[in-house]
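Participant: I am attaching a structure below and will ask some questions about it afterwards.
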Amino acid sequence: MEPLSHRGLPRLSWIDTLYSNFSYGAEDYDAEGHEEQKGPPEGSETMPYIDESPTMSPQLSARSQGGGDSISPTPPEGLAPGVEAGKGLEMRKLVLSGFLASEEIYINQLEALLLPMKPLKATATTSQPVLTIQQIETIFYKIQDIYEIHKEFYDNLCPKVQQWDSQVTMGHLFQKLASQLGVYKAFVDNYKVALETAEKCSQSNNQFQKISEELKVKGPKDSKDSHTSVTMEALLYKPIDRVTRSTLVLHDLLKHTPVDHPDYPLLQDALRISQNFLSSINEDIDPRRTAVTTPKGETRQLVKDGFLVEMSESSRKLRHVFLFTDVLLCAKLKKTSAGKHQQYDCKWYIPLADLVFPSPEESEASPQVHPFPDHELEDMKMKISALKSEIQKEKASKGQSRAIERLKKKMFENEFLLLLNSPTIPFRIHNRNGKSYLFLLSSDYERSEWREAIQKLQKKDLQAFVLSSVELQVLTGSCFKLRTVHNIPVTSNKDDDESPGLYGFLHVIVHSAKGFKQSANLYCTLEVDSFGYFVSKAKTRVFRDTTEPKWDEEFEIELEGSQSLRILCYEKCYDKTKVNKDNNEIVDKIMGKGQIQLDPQTVETKNWHTDVIEMNGIKVEFSMKFTSRDMSLKRTPSKKQTGVFGVKISVVTKRERSKVPYIVRQCVEEVEKRGIDEVGIYRISGVATDIQALKAVFDANNKDILLMLSDMDINAIAGTLKLYFRELPEPLLTDRLYPAFMEGIALSDPAAKENCMMHLLRSLPDPNLITFLFLLEHLKRVAEKEPINKMSLHNLATVFGPTLLRPSEVESKAHLTSAADIWSHDVMAQVQVLLYYLQHPPISFAELKRNTLYFSTDV
């Protein structure tokens with residue numbers, strides 16, 4: 001091919017910054033197609049190429065005979081891209097020359113791939129084959145076809161560029177090339193299998209390993225290097241890379257082709273076909289977008305990244321963690337002045353060859369991990385919800401953008417604190433040559449995702465290494481461009497048109513699971529996202545010694561802006577030696593995990609929706625349906641007045657001749673007998689079918705109630721008590737007094753508040769008041785065991801506040817705006833009312849009534 005001088009070549013402005021990561025000239029590419037780093041002299045530390053500036057226009061260039069001329073950064077007048085046809089056509093020639101040079105390199109790469117194919121095929125039929133025919137066809141699938149298409153294209157285009165004149169047409173060549181993209185689709189679909197097959201064959205056959213590690217690629221005709229050694233893995237990626245490049249060239253050719261030129265419609269058609277093809281192939285096949293080249297010329301690919309909380313010097317720090325194919329890097333975003341590029345600062349890194357996970361019993365205890373008080377976390381949630389409502393109101397009333405920005409900033413601060421302080425699940429990572437690091441995660445699911453991703457990479461033959469300061473700087477510099485998680489996962493980072501998530505109750509029945517290889521003690525847990533992180537909400541019973549557990553357990557899970565449901569399947573471990581020193585809990589083994597999006601269209605139907613989650617070969621069958629918060633808030637009186645659910649409390653106590661309904665007394669007694677030490681009592685969902693069974697027994701006043709209670713799971717009993725209060729036709733603290741409770745709790749003067757709140761209690765009907773005081777003392781006793789059951793007064797107020805105060809439907813219509821709104825304002829106040837009484841010194845019925853004389857009973 002005729003060498004081109006590159007004196008005076010211009011920079012091209014590109015149509016889209018997306019394309020700025022690609023250059024299609026030959027100057028910046030070695031024979032493997034890696035960008036060469038101009039700069040470090042021989043013997044100095046080599047730096048992998050990284051384009052630091054994503055918006056910079058790449059240079060269009062071609063190899064010069066001298067090989068050392070610098071490229072002019074400003075276009076000479078005669079070649080500036082413009083509307084004049086002559087100049088545009090001259091630019092076309094430059095674009096094509098650069099492309100032709102890189103096309104030559106590409107053909108040489110395909111040739112290098114095909115070279116071992118023939119001898120491998122020849123040995124396949126002998127008594128000592130290196131590979132089977134099947135393996136050869138899988139690894140080299142469609143390479144011959146792609147080579148022939150590009151060879152023909154190159155042979156036809158080359159003379160046109162070399163004997164250039166303004167009348168040259170070559171649009172038909174690009175159109176034909178685009179029309180043959182189907183062969184690339186087949187290649188892309190097979191790409192992962194081809195790579196995996198090549199990797200397996202390398203591991204099992206030394207001969208093939210040697211071949212695949214050093215394929216010889218011819219250098220361009222005018223280059224000093226006759227050959228370059230390249231790995232088969234690197235070459236198999238080239239076709240994927242090439243489609244993108246051809247599309248970029250079409251963009252530039254069109255830009256410099258006059259509209260009335262015969263090539264224009266043909267190039268337009270070729271571009272349309274190429275773009276449609278690009279958008280149709282699976283984007284995640286493209287490691288180029290997630291890769292950086294190592295000093296040895298291998299591709300270091302980003303596999304996973306995300307924000308994690310690290311315990312560093314006894315305090316919590318938010319880090320951005322990057323998992324590459326051979327190294328785990330922990331970074332933080334540097335503070336930068338306005339207008340400057342944001343960058344990451346590396347805190348530490350561990351080569352995966354040196355990374356180990358200490359087993360729970362090996363890890364040292366961490367006295368520095370202090371869980372954040374629950375009530376403070378709940379306070380943050382309340383503030384976030386209130387701020388969310390204020391922002392919505394400001395938007396609705398076309399408020400000032402400055403006021404909205406101020407509220408958003410406040411909301412972000414609270415969400416950031418919540419994100420930093422809520423995780424409690426320890427995730428330890430150890431460098432076998434040095435330090436251990438501790439992350440805190442909010443869910444077991446997340447911990448297992450990171451662990452599995454790292455262990456999968458560690459199955460490969462990894463070498464230990466030390467990064468030089470330059471290499472580390474380059475790798476950290478690449479993180480900003482390669483990252484897949486761009487924003488801290490808080491709602492204030494979401495766009496207005498993004499789904500706000502679901503508010504209300506999700507009913508989930510976990511039916512059964514299949515696919516276990518051997519008998520085990522199995523159970524499932526359910527997690528949903530809330531305020532940017534995941535929380536465990538329910539747990540099935542343990543099904544013992546089985547390969548096909550059938551739970552058929554129903555749970556009611558409260559959603560607070562949730563968008564995803566996760567199911568985790570565990571094998572229960574009863575070995576007391578396997579205790580995690582960080583949180584004193586026995587570590588059960590995760591057998592499988594899966595996640596589904598809670599799509600409002602699918603979920604918000606009155607019917608059950610059955611689904612299956614596949615996880616590591618295990619299938620868990622479950623059903624779900626959703627009730628929005630405004631629907632689930634309805635209090636509907638029972639038509640049958642003979643039962644207890646949905647019947648006025650005064651009717652029940654009169655019929656029973658009791659001061660506190662029997663159902664309340666029995667449930668409280670059972671919880672105090674065997675549930676007071678249960679982690680998450682009243683917060684963890686009981687099985688809905690058990691709760692319904694208990695409801696039926698209490699309604700029928702069945703003589704077997706006590707026997708049934710003693711056998712029943714304690715969370716179902718706690719759930720029955722909550723359901724009783726939720727289904728009262730009017731709240732325990734009455735509809736009539738509800739507005740006054742809301743006003744009383746908002747008073748700022750402590751004496752006035754005390755006066756008002758006590759006066760409101762006196763104004764309650766006796767059965768309501770006695771039952772309320774009975775429940776209050778019980779909840780205080782539960783909270784005394786907070787170190788064991790993790791239920792603080794604040795937690796209990798959050799669970800019971802809305803249950804005891806939420807007005808019946810007629811009353812609540814006035815308060816209803818949006819689901820999120822109900823949560824923030826009304827619920828916040830309801831929780832605060834109950835919390836006030838829970839934190840108050842003991843209140844006795846007799847004492848309250850004695851003081852009635854001093855106050856008016858009008859409210």
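Residue names in the structure tokens use chain letters A, B, ... in the order shown, residue numbers from 1 in each chain, and ligand numbers from 1 in the order shown.
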Can you tell me, as an NGL selection string, which residues in stretch 299-508 of chain A count as strand (DSSP E) by DSSP?
Facilitator: :A and (299-312 or 315-324 or 327-333 or 344-351 or 355-356 or 425-431 or 436-441 or 502-508)
Participant: So that I can check the surroundings of A:Gln144, please list as a list in words every protein, DNA and RNA residue that reaches within 12 Å of it, counting only C-alpha atoms and ignoring chain neighbours fewer than 5 positions away.
Facilitator: Ile107, Gln109, Leu110, Glu111, Ala112, Leu113, Leu114, Leu115, Met117, Lys118, Glu137, Ile139, Ile149, His150, Lys151, Val183, Tyr184, Phe187 and Pro239 of chain A
Participant: Name the residues in contact with A:Leu732 at a cut-off of 10 Å, using only C-alpha atoms, excluding same-chain residues fewer than 3 positions from it; report them as a PyMOL selection string.
Facilitator: chain A and resi 648-649+725-726+728-729+735+764-765+767-769+771-772+803-807
Participant: Just want the 7 Å neighbourhood of A:Asp305, counted on only C-alpha atoms, with same-chain residues fewer than 4 positions away dropped. Output as number ranges by chain.
Facilitator: A: 321-323, 483-485
Participant: Write to file, as a compact mmCIF listing (two decimals), in the first residue's frame, the residues of the selection just made, with all heavy atoms.
Facilitator:
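The file below, out10.txt, is the result:
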```
# COMPACT_ATOMS: atom_id res chain seq x y z
N VAL A 321 -15.40 0.71 44.85
CA VAL A 321 -14.53 -0.46 44.71
C VAL A 321 -14.62 -0.99 43.27
O VAL A 321 -15.71 -1.14 42.73
CB VAL A 321 -14.96 -1.55 45.73
CG1 VAL A 321 -14.06 -2.78 45.62
CG2 VAL A 321 -14.89 -0.98 47.15
N PHE A 322 -13.46 -1.26 42.68
CA PHE A 322 -13.37 -1.71 41.29
C PHE A 322 -12.74 -3.11 41.25
O PHE A 322 -11.63 -3.30 41.76
CB PHE A 322 -12.51 -0.75 40.46
CG PHE A 322 -13.11 0.61 40.30
CD1 PHE A 322 -12.92 1.59 41.27
CD2 PHE A 322 -13.88 0.93 39.19
CE1 PHE A 322 -13.48 2.85 41.13
CE2 PHE A 322 -14.45 2.18 39.06
CZ PHE A 322 -14.26 3.14 40.02
N LEU A 323 -13.47 -4.06 40.66
CA LEU A 323 -12.93 -5.42 40.50
C LEU A 323 -12.52 -5.60 39.04
O LEU A 323 -13.38 -5.64 38.15
CB LEU A 323 -13.98 -6.45 40.91
CG LEU A 323 -13.62 -7.92 40.67
CD1 LEU A 323 -12.37 -8.33 41.46
CD2 LEU A 323 -14.78 -8.84 41.02
N ARG A 483 -15.98 3.06 34.90
CA ARG A 483 -16.98 2.72 35.92
C ARG A 483 -18.37 2.51 35.31
O ARG A 483 -18.74 3.19 34.34
CB ARG A 483 -17.04 3.80 37.00
CG ARG A 483 -17.49 5.14 36.45
CD ARG A 483 -17.29 6.27 37.40
NE ARG A 483 -17.74 7.50 36.75
CZ ARG A 483 -18.14 8.57 37.38
NH1 ARG A 483 -18.17 8.59 38.69
NH2 ARG A 483 -18.53 9.63 36.73
N THR A 484 -19.10 1.59 35.88
CA THR A 484 -20.47 1.35 35.39
C THR A 484 -21.49 1.94 36.36
O THR A 484 -22.62 2.18 36.01
CB THR A 484 -20.73 -0.17 35.25
OG1 THR A 484 -20.54 -0.78 36.53
CG2 THR A 484 -19.77 -0.80 34.27
N VAL A 485 -21.06 2.13 37.62
CA VAL A 485 -21.95 2.76 38.61
C VAL A 485 -21.46 4.19 38.78
O VAL A 485 -20.36 4.43 39.27
CB VAL A 485 -21.88 2.01 39.96
CG1 VAL A 485 -22.80 2.66 40.98
CG2 VAL A 485 -22.26 0.55 39.77
```
Participant: Which neighbours of A:Leu328 fall inside 12 Å, counting only C-alpha atoms, when residues of the same chain fewer than 5 positions from it are skipped, and could you give them as a VMD selection string?
Facilitator: chain A and resid 300 to 306 320 to 323 346 to 356 429 to 431 437 450 to 451 453 to 455 457 to 458 472 475 to 476 479
Participant: Rounded to one decimal in Å, what is the spacing between atom CA of A:Asp588 and atom CA of A:Lys785?
Facilitator: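 Taking atom CA of A:Asp588 as the start and atom CA of A:Lys785 as the end point, the length is 24.5 Å.
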Participant: Could you go through stretch 623-836 of chain A and tell me which residues DSSP, when run on the backbone, assigns to helix (DSSP H, G or I), listing them as a ChimeraX atom specification?
Facilitator: /A:629-632,649-656,662-674,688-700,705-711,714-726,738-745,750-762,766-784,786-789,793-805,809-812,819-836
Participant: Report as number ranges by chain all protein, DNA and RNA residues lying within 7 Å of A:Asn715, evaluated on only C-alpha atoms, omitting residues in the same chain fewer than 4 positions from it.
Facilitator: A: 681-682, 684-686, 719
Participant: In Å, how far is it from atom CA of A:Phe208 to atom CA of A:Leu131?
Facilitator: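 Taking atom CA of A:Phe208 as the start and atom CA of A:Leu131 as the end point, the length is 7.9 Å.
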Participant: For A:Arg242, which of A:Tyr503, A:Phe800, A:Phe99, A:Tyr662 is the closest residue, counting only C-alpha atoms?
Facilitator: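 Looking at the shortest contact to A:Arg242, the residue is A:Phe99.
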Participant: What is the atom CA of A:Ile105 to atom CA of A:Lys93 distance in Å?
Facilitator: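 About the pair atom CA of A:Ile105 and atom CA of A:Lys93: they are 18.7 Å apart.
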